[in-house]
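Dumped run10.pdb below, it's PDB, C-alpha atoms, pLDDT in the B column:
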```pdb
ATOM      1  CA  MET Q   1      83.183  43.444 100.491  1.00 95.00           C
ATOM      2  CA  ASN Q   2      86.022  42.129  98.332  1.00 98.00           C
ATOM      3  CA  ILE Q   3      86.743  43.815  95.025  1.00 98.00           C
ATOM      4  CA  ALA Q   4      89.057  42.202  92.471  1.00 98.00           C
ATOM      5  CA  ILE Q   5      91.209  44.625  90.522  1.00 98.00           C
ATOM      6  CA  CYS Q   6      93.600  44.113  87.643  1.00 98.00           C
ATOM      7  CA  CYS Q   7      95.304  45.861  84.779  1.00 98.00           C
ATOM      8  CA  ASP Q   8      97.996  45.603  82.186  1.00 98.00           C
ATOM      9  CA  HIS Q   9     100.857  48.072  81.783  1.00 97.00           C
ATOM     10  CA  GLY Q  10      98.525  50.470  79.950  1.00 97.00           C
ATOM     11  CA  GLY Q  11      96.222  50.767  82.947  1.00 98.00           C
ATOM     12  CA  LEU Q  12      98.668  50.663  85.841  1.00 98.00           C
ATOM     13  CA  GLN Q  13      98.424  54.266  86.981  1.00 98.00           C
ATOM     14  CA  LEU Q  14      94.636  54.330  87.036  1.00 98.00           C
ATOM     15  CA  LYS Q  15      94.461  50.896  88.704  1.00 98.00           C
ATOM     16  CA  GLN Q  16      96.763  52.043  91.499  1.00 98.00           C
ATOM     17  CA  GLN Q  17      94.722  55.197  92.070  1.00 98.00           C
ATOM     18  CA  ILE Q  18      91.479  53.221  92.088  1.00 98.00           C
ATOM     19  CA  ALA Q  19      92.852  50.607  94.499  1.00 98.00           C
ATOM     20  CA  THR Q  20      93.901  53.293  96.976  1.00 98.00           C
ATOM     21  CA  TYR Q  21      90.543  55.047  96.627  1.00 98.00           C
ATOM     22  CA  LEU Q  22      88.570  51.861  97.247  1.00 98.00           C
ATOM     23  CA  GLN Q  23      90.708  50.934 100.255  1.00 98.00           C
ATOM     24  CA  GLN Q  24      90.141  54.379 101.725  1.00 98.00           C
ATOM     25  CA  LYS Q  25      86.400  53.800 101.344  1.00 98.00           C
ATOM     26  CA  GLY Q  26      86.715  50.589 103.372  1.00 98.00           C
ATOM     27  CA  TYR Q  27      86.652  47.967 100.624  1.00 98.00           C
ATOM     28  CA  CYS Q  28      89.007  44.998 100.641  1.00 98.00           C
ATOM     29  CA  VAL Q  29      90.881  45.215  97.336  1.00 98.00           C
ATOM     30  CA  VAL Q  30      92.356  42.007  95.929  1.00 98.00           C
ATOM     31  CA  ASP Q  31      94.985  43.027  93.372  1.00 98.00           C
ATOM     32  CA  PHE Q  32      95.698  40.569  90.562  1.00 98.00           C
ATOM     33  CA  GLY Q  33      98.388  42.724  88.921  1.00 95.00           C
ATOM     34  CA  THR Q  34     100.200  43.864  86.986  1.00 97.00           C
ATOM     35  CA  ASN Q  35     102.331  46.083  89.166  1.00 96.00           C
ATOM     36  CA  SER Q  36     104.826  47.089  86.508  1.00 96.00           C
ATOM     37  CA  LEU Q  37     104.986  49.336  83.467  1.00 95.00           C
ATOM     38  CA  GLU Q  38     106.794  46.565  81.594  1.00 96.00           C
ATOM     39  CA  SER Q  39     104.795  45.363  78.593  1.00 96.00           C
ATOM     40  CA  CYS Q  40     102.570  42.417  79.515  1.00 95.00           C
ATOM     41  CA  ASP Q  41      99.496  40.527  78.340  1.00 97.00           C
ATOM     42  CA  TYR Q  42      96.193  41.694  79.845  1.00 97.00           C
ATOM     43  CA  PRO Q  43      94.529  38.220  79.711  1.00 98.00           C
ATOM     44  CA  ASP Q  44      97.050  36.926  82.259  1.00 97.00           C
ATOM     45  CA  PHE Q  45      95.657  39.300  84.883  1.00 98.00           C
ATOM     46  CA  ALA Q  46      92.045  39.635  83.747  1.00 98.00           C
ATOM     47  CA  HIS Q  47      91.475  35.857  83.850  1.00 98.00           C
ATOM     48  CA  LYS Q  48      92.628  35.721  87.475  1.00 98.00           C
ATOM     49  CA  ALA Q  49      90.415  38.630  88.541  1.00 98.00           C
ATOM     50  CA  ALA Q  50      87.393  37.255  86.673  1.00 98.00           C
ATOM     51  CA  ASN Q  51      87.861  33.825  88.252  1.00 98.00           C
ATOM     52  CA  ALA Q  52      87.885  35.451  91.695  1.00 98.00           C
ATOM     53  CA  ILE Q  53      84.473  36.957  90.942  1.00 98.00           C
ATOM     54  CA  ALA Q  54      83.093  33.736  89.464  1.00 97.00           C
ATOM     55  CA  SER Q  55      84.241  31.733  92.498  1.00 98.00           C
ATOM     56  CA  GLY Q  56      82.653  34.176  94.953  1.00 98.00           C
ATOM     57  CA  ARG Q  57      85.984  35.188  96.478  1.00 98.00           C
ATOM     58  CA  CYS Q  58      85.266  38.735  95.256  1.00 98.00           C
ATOM     59  CA  GLN Q  59      81.842  40.279  94.869  1.00 98.00           C
ATOM     60  CA  PHE Q  60      82.836  42.856  92.254  1.00 98.00           C
ATOM     61  CA  GLY Q  61      85.708  43.591  89.903  1.00 98.00           C
ATOM     62  CA  VAL Q  62      87.497  46.533  88.326  1.00 99.00           C
ATOM     63  CA  PHE Q  63      89.402  45.890  85.102  1.00 98.00           C
ATOM     64  CA  VAL Q  64      91.721  48.479  83.530  1.00 98.00           C
ATOM     65  CA  CYS Q  65      93.810  48.604  80.364  1.00 98.00           C
ATOM     66  CA  THR Q  66      94.582  51.316  77.825  1.00 98.00           C
ATOM     67  CA  THR Q  67      91.081  51.233  76.287  1.00 98.00           C
ATOM     68  CA  GLY Q  68      89.216  48.900  78.635  1.00 98.00           C
ATOM     69  CA  ILE Q  69      88.156  46.799  75.664  1.00 98.00           C
ATOM     70  CA  GLY Q  70      90.571  43.889  76.023  1.00 98.00           C
ATOM     71  CA  VAL Q  71      90.107  43.368  79.748  1.00 98.00           C
ATOM     72  CA  SER Q  72      86.316  43.564  79.454  1.00 98.00           C
ATOM     73  CA  MET Q  73      86.347  40.951  76.702  1.00 98.00           C
ATOM     74  CA  VAL Q  74      88.399  38.595  78.862  1.00 98.00           C
ATOM     75  CA  ALA Q  75      86.193  39.156  81.899  1.00 98.00           C
ATOM     76  CA  ASN Q  76      83.045  38.420  79.920  1.00 97.00           C
ATOM     77  CA  LYS Q  77      84.413  35.051  78.802  1.00 96.00           C
ATOM     78  CA  THR Q  78      84.156  33.850  82.406  1.00 96.00           C
ATOM     79  CA  LYS Q  79      80.884  32.217  83.459  1.00 95.00           C
ATOM     80  CA  GLY Q  80      79.074  34.363  86.001  1.00 96.00           C
ATOM     81  CA  VAL Q  81      80.921  37.581  85.196  1.00 98.00           C
ATOM     82  CA  ARG Q  82      79.103  40.481  83.573  1.00 97.00           C
ATOM     83  CA  CYS Q  83      81.587  43.253  82.925  1.00 98.00           C
ATOM     84  CA  ALA Q  84      80.649  46.590  81.396  1.00 98.00           C
ATOM     85  CA  LEU Q  85      83.073  48.991  79.761  1.00 98.00           C
ATOM     86  CA  CYS Q  86      81.897  52.379  81.016  1.00 98.00           C
ATOM     87  CA  THR Q  87      82.837  55.917  80.108  1.00 98.00           C
ATOM     88  CA  ASN Q  88      80.307  57.929  82.116  1.00 98.00           C
ATOM     89  CA  VAL Q  89      78.381  57.835  85.392  1.00 98.00           C
ATOM     90  CA  ASP Q  90      75.039  57.052  83.771  1.00 98.00           C
ATOM     91  CA  MET Q  91      76.478  53.934  82.124  1.00 98.00           C
ATOM     92  CA  ALA Q  92      77.997  52.802  85.425  1.00 98.00           C
ATOM     93  CA  THR Q  93      74.658  53.190  87.206  1.00 98.00           C
ATOM     94  CA  LEU Q  94      72.538  51.602  84.504  1.00 98.00           C
ATOM     95  CA  THR Q  95      74.743  48.559  84.046  1.00 98.00           C
ATOM     96  CA  ARG Q  96      74.151  47.655  87.699  1.00 98.00           C
ATOM     97  CA  GLN Q  97      70.451  48.506  87.605  1.00 98.00           C
ATOM     98  CA  HIS Q  98      69.624  46.851  84.281  1.00 98.00           C
ATOM     99  CA  ASN Q  99      72.339  44.247  83.645  1.00 97.00           C
ATOM    100  CA  ASN Q 100      73.277  43.267  87.202  1.00 98.00           C
ATOM    101  CA  ALA Q 101      76.919  43.782  86.213  1.00 98.00           C
ATOM    102  CA  ASN Q 102      79.423  42.597  88.772  1.00 98.00           C
ATOM    103  CA  ALA Q 103      82.467  44.114  87.077  1.00 98.00           C
ATOM    104  CA  ILE Q 104      83.347  47.397  85.462  1.00 98.00           C
ATOM    105  CA  ALA Q 105      86.106  48.174  82.978  1.00 98.00           C
ATOM    106  CA  PHE Q 106      87.920  51.430  82.322  1.00 98.00           C
ATOM    107  CA  GLY Q 107      90.308  52.620  79.668  1.00 98.00           C
ATOM    108  CA  GLN Q 108      93.085  54.681  81.231  1.00 98.00           C
ATOM    109  CA  LYS Q 109      93.451  56.600  77.963  1.00 98.00           C
ATOM    110  CA  TYR Q 110      89.809  57.723  78.118  1.00 98.00           C
ATOM    111  CA  VAL Q 111      88.844  57.857  81.801  1.00 98.00           C
ATOM    112  CA  SER Q 112      90.409  60.268  84.281  1.00 98.00           C
ATOM    113  CA  PHE Q 113      90.794  59.284  87.909  1.00 98.00           C
ATOM    114  CA  PRO Q 114      88.148  61.795  89.102  1.00 98.00           C
ATOM    115  CA  LEU Q 115      85.677  60.364  86.582  1.00 98.00           C
ATOM    116  CA  ALA Q 116      86.589  56.807  87.607  1.00 98.00           C
ATOM    117  CA  GLN Q 117      85.838  57.735  91.241  1.00 98.00           C
ATOM    118  CA  GLN Q 118      82.401  59.030  90.291  1.00 98.00           C
ATOM    119  CA  MET Q 119      81.661  55.965  88.191  1.00 98.00           C
ATOM    120  CA  LEU Q 120      82.801  53.588  90.943  1.00 98.00           C
ATOM    121  CA  ASP Q 121      80.641  55.327  93.521  1.00 98.00           C
ATOM    122  CA  ALA Q 122      77.644  55.075  91.178  1.00 98.00           C
ATOM    123  CA  PHE Q 123      78.387  51.462  90.235  1.00 98.00           C
ATOM    124  CA  LEU Q 124      78.887  50.226  93.788  1.00 98.00           C
ATOM    125  CA  SER Q 125      75.871  52.042  95.215  1.00 98.00           C
ATOM    126  CA  ALA Q 126      73.381  51.113  92.477  1.00 98.00           C
ATOM    127  CA  GLU Q 127      71.181  48.079  92.937  1.00 97.00           C
ATOM    128  CA  PHE Q 128      69.812  45.647  90.384  1.00 97.00           C
ATOM    129  CA  LEU Q 129      66.191  46.515  89.632  1.00 93.00           C
ATOM    130  CA  GLY Q 130      65.087  42.988  88.750  1.00 92.00           C
ATOM    131  CA  GLY Q 131      61.684  42.710  87.070  1.00 92.00           C
ATOM    132  CA  ARG Q 132      61.921  42.787  83.276  1.00 94.00           C
ATOM    133  CA  HIS Q 133      65.693  43.193  83.633  1.00 96.00           C
ATOM    134  CA  ALA Q 134      65.958  39.865  85.471  1.00 93.00           C
ATOM    135  CA  ILE Q 135      64.394  38.138  82.480  1.00 92.00           C
ATOM    136  CA  ARG Q 136      67.049  39.638  80.217  1.00 93.00           C
ATOM    137  CA  VAL Q 137      69.924  38.754  82.518  1.00 93.00           C
ATOM    138  CA  ALA Q 138      68.596  35.179  82.695  1.00 92.00           C
ATOM    139  CA  LYS Q 139      68.720  35.048  78.893  1.00 92.00           C
ATOM    140  CA  ILE Q 140      72.370  36.135  79.005  1.00 87.00           C
ATOM    141  CA  GLU Q 141      73.124  33.419  81.538  1.00 89.00           C
ATOM    142  CA  THR Q 142      71.587  30.678  79.361  1.00 87.00           C
ATOM    143  CA  GLU Q 143      74.412  31.255  76.847  1.00 77.00           C
ATOM    144  CA  GLU Q 144      77.190  30.823  79.427  1.00 76.00           C
TER     145      GLU Q 144
END
```

Could I get this structure in the form of structure tokens?
Amino acid sequence: MNIAICCDHGGLQLKQQIATYLQQKGYCVVDFGTNSLESCDYPDFAHKAANAIASGRCQFGVFVCTTGIGVSMVANKTKGVRCALCTNVDMATLTRQHNNANAIAFGQKYVSFPLAQQMLDAFLSAEFLGGRHAIRVAKIETEE
């Protein structure tokens, strides 16, 4: 499974830790940058990662910035990407089960690496429940 990952300078440390963690778990991580602490613009990297999900090149995505807000907003502008900004394990599980999210966003300022590991494990192991949730996701998709 291919997982797109990206960040800006405010999320670099957490992105690097997450990438290593996912690789150790056997995932193929496709890194869209940044790889520097130099100030940069998060849309430059988030657009590339989101497009990789939308095209099918990557099945899931991880987006990181200082708060997670900016990168999640960019990801959600891309047709076919449903990115959830999560701050706890329950949110990470439920966004897969109820929203069929294919991307998750973290804010490095608010999410520790150990918590990110737990959320990623929950996110990647949860399955979409369908049923009434499929109707809701279809309504989201009609606006894309």

Can you list, as a CSV table (one decimal) with C-alpha atoms, keeping the file's coordinate frame, every protein, DNA or RNA residue that comes within 7 Å of region 50-54 of chain Q when you count only C-alpha atoms, leaving out same-chain residues fewer than 5 positions away?
```
chain,number,residue,atom,x,y,z
Q,4,ALA,CA,89.1,42.2,92.5
Q,59,GLN,CA,81.8,40.3,94.9
Q,60,PHE,CA,82.8,42.9,92.3
Q,61,GLY,CA,85.7,43.6,89.9
Q,75,ALA,CA,86.2,39.2,81.9
Q,78,THR,CA,84.2,33.8,82.4
Q,79,LYS,CA,80.9,32.2,83.5
Q,80,GLY,CA,79.1,34.4,86.0
Q,81,VAL,CA,80.9,37.6,85.2
```

For this session: Can you turn the PyMOL selection byres ((chain Q and resi 133) around 12) into a concrete residue list for this file, as number ranges by chain?
Result: Q: 94-101, 127-132, 134-140

For this session: Rounded to one decimal place, report the CA of Asp41 (chain Q)-CA of Ile104 (chain Q) distance in Å.
Result: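 Distance reported for this atom pair: 18.9 Å.
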
For this session: Report the residues retrieved by the PyMOL selection byres ((chain Q and resi 84) around 7) from the displayed file, expressed as a PyMOL selection string.
Result: chain Q and resi 72+82-83+85-86+95+101+103-105

Could you write those residues out with C-alpha atoms, as a PDB file, in the coordinates of the input?
```pdb
ATOM      1  CA  SER Q  72      86.316  43.564  79.454  1.00 98.00           C
ATOM      2  CA  ARG Q  82      79.103  40.481  83.573  1.00 97.00           C
ATOM      3  CA  CYS Q  83      81.587  43.253  82.925  1.00 98.00           C
ATOM      4  CA  LEU Q  85      83.073  48.991  79.761  1.00 98.00           C
ATOM      5  CA  CYS Q  86      81.897  52.379  81.016  1.00 98.00           C
ATOM      6  CA  THR Q  95      74.743  48.559  84.046  1.00 98.00           C
ATOM      7  CA  ALA Q 101      76.919  43.782  86.213  1.00 98.00           C
ATOM      8  CA  ALA Q 103      82.467  44.114  87.077  1.00 98.00           C
ATOM      9  CA  ILE Q 104      83.347  47.397  85.462  1.00 98.00           C
ATOM     10  CA  ALA Q 105      86.106  48.174  82.978  1.00 98.00           C
TER      11      ALA Q 105
END
```

Exercise. Could you pull the residues within 7 Å of region 115-121 of chain Q, counting all atoms listed in the file, minus those fewer than 3 positions along the same chain, as number ranges by chain?
Worked result: Q: 88-89, 92, 111-112, 124-125

Problem set entry | Result set of the PyMOL selection byres ((chain Q and resi 43) around 9) on the coordinates above, as a list in words |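 Those residues are Asp8, Asp41, Tyr42, Asp44, Phe45, Ala46, His47, Lys48, Gly70, Val71, Val74 and Ala75 of chain Q.
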
Exercise. Quick one: distance from CA of Phe123 (chain Q) to CA of Thr93 (chain Q) in Å, one decimal?
Worked result: 5.1 Å

Exercise. Counting all atoms listed in the file, which residues come within 8 Å of (89.8, 50.1, 79.2), with the point read in the file's coordinates, and could you list them as a list in words?
Worked result: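 Nearby residues: Gly11, Phe63, Val64, Cys65, Thr66, Thr67, Gly68, Ile69, Gly70, Val71, Ser72, Leu85, Ala105, Phe106, Gly107, Gln108, Lys109 and Tyr110 of chain Q.
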
For this session: Give the answer as one residue: which of Q:Asp90, Q:Phe113, Q:Ser55, Q:Glu144 has the shortest atom-to-atom distance to Gln13 (chain Q), using only C-alpha atoms?
Result: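 The answer is Q:Phe113, which sits nearest to Gln13 (chain Q).
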
For this session: Please return, as a ChimeraX atom specification, all polymer residues that have at least one atom within 7 Å of the point (93.4, 41.9, 94.4); use only C-alpha atoms and the file's own coordinate frame.
Result: /Q:3-5,29-32

Problem set entry | Shortest interatomic distance to His9 (chain Q) - which of Q:Ala122, Q:Thr34, Q:Lys77, Q:Thr142, counting only C-alpha atoms | Q:Thr34
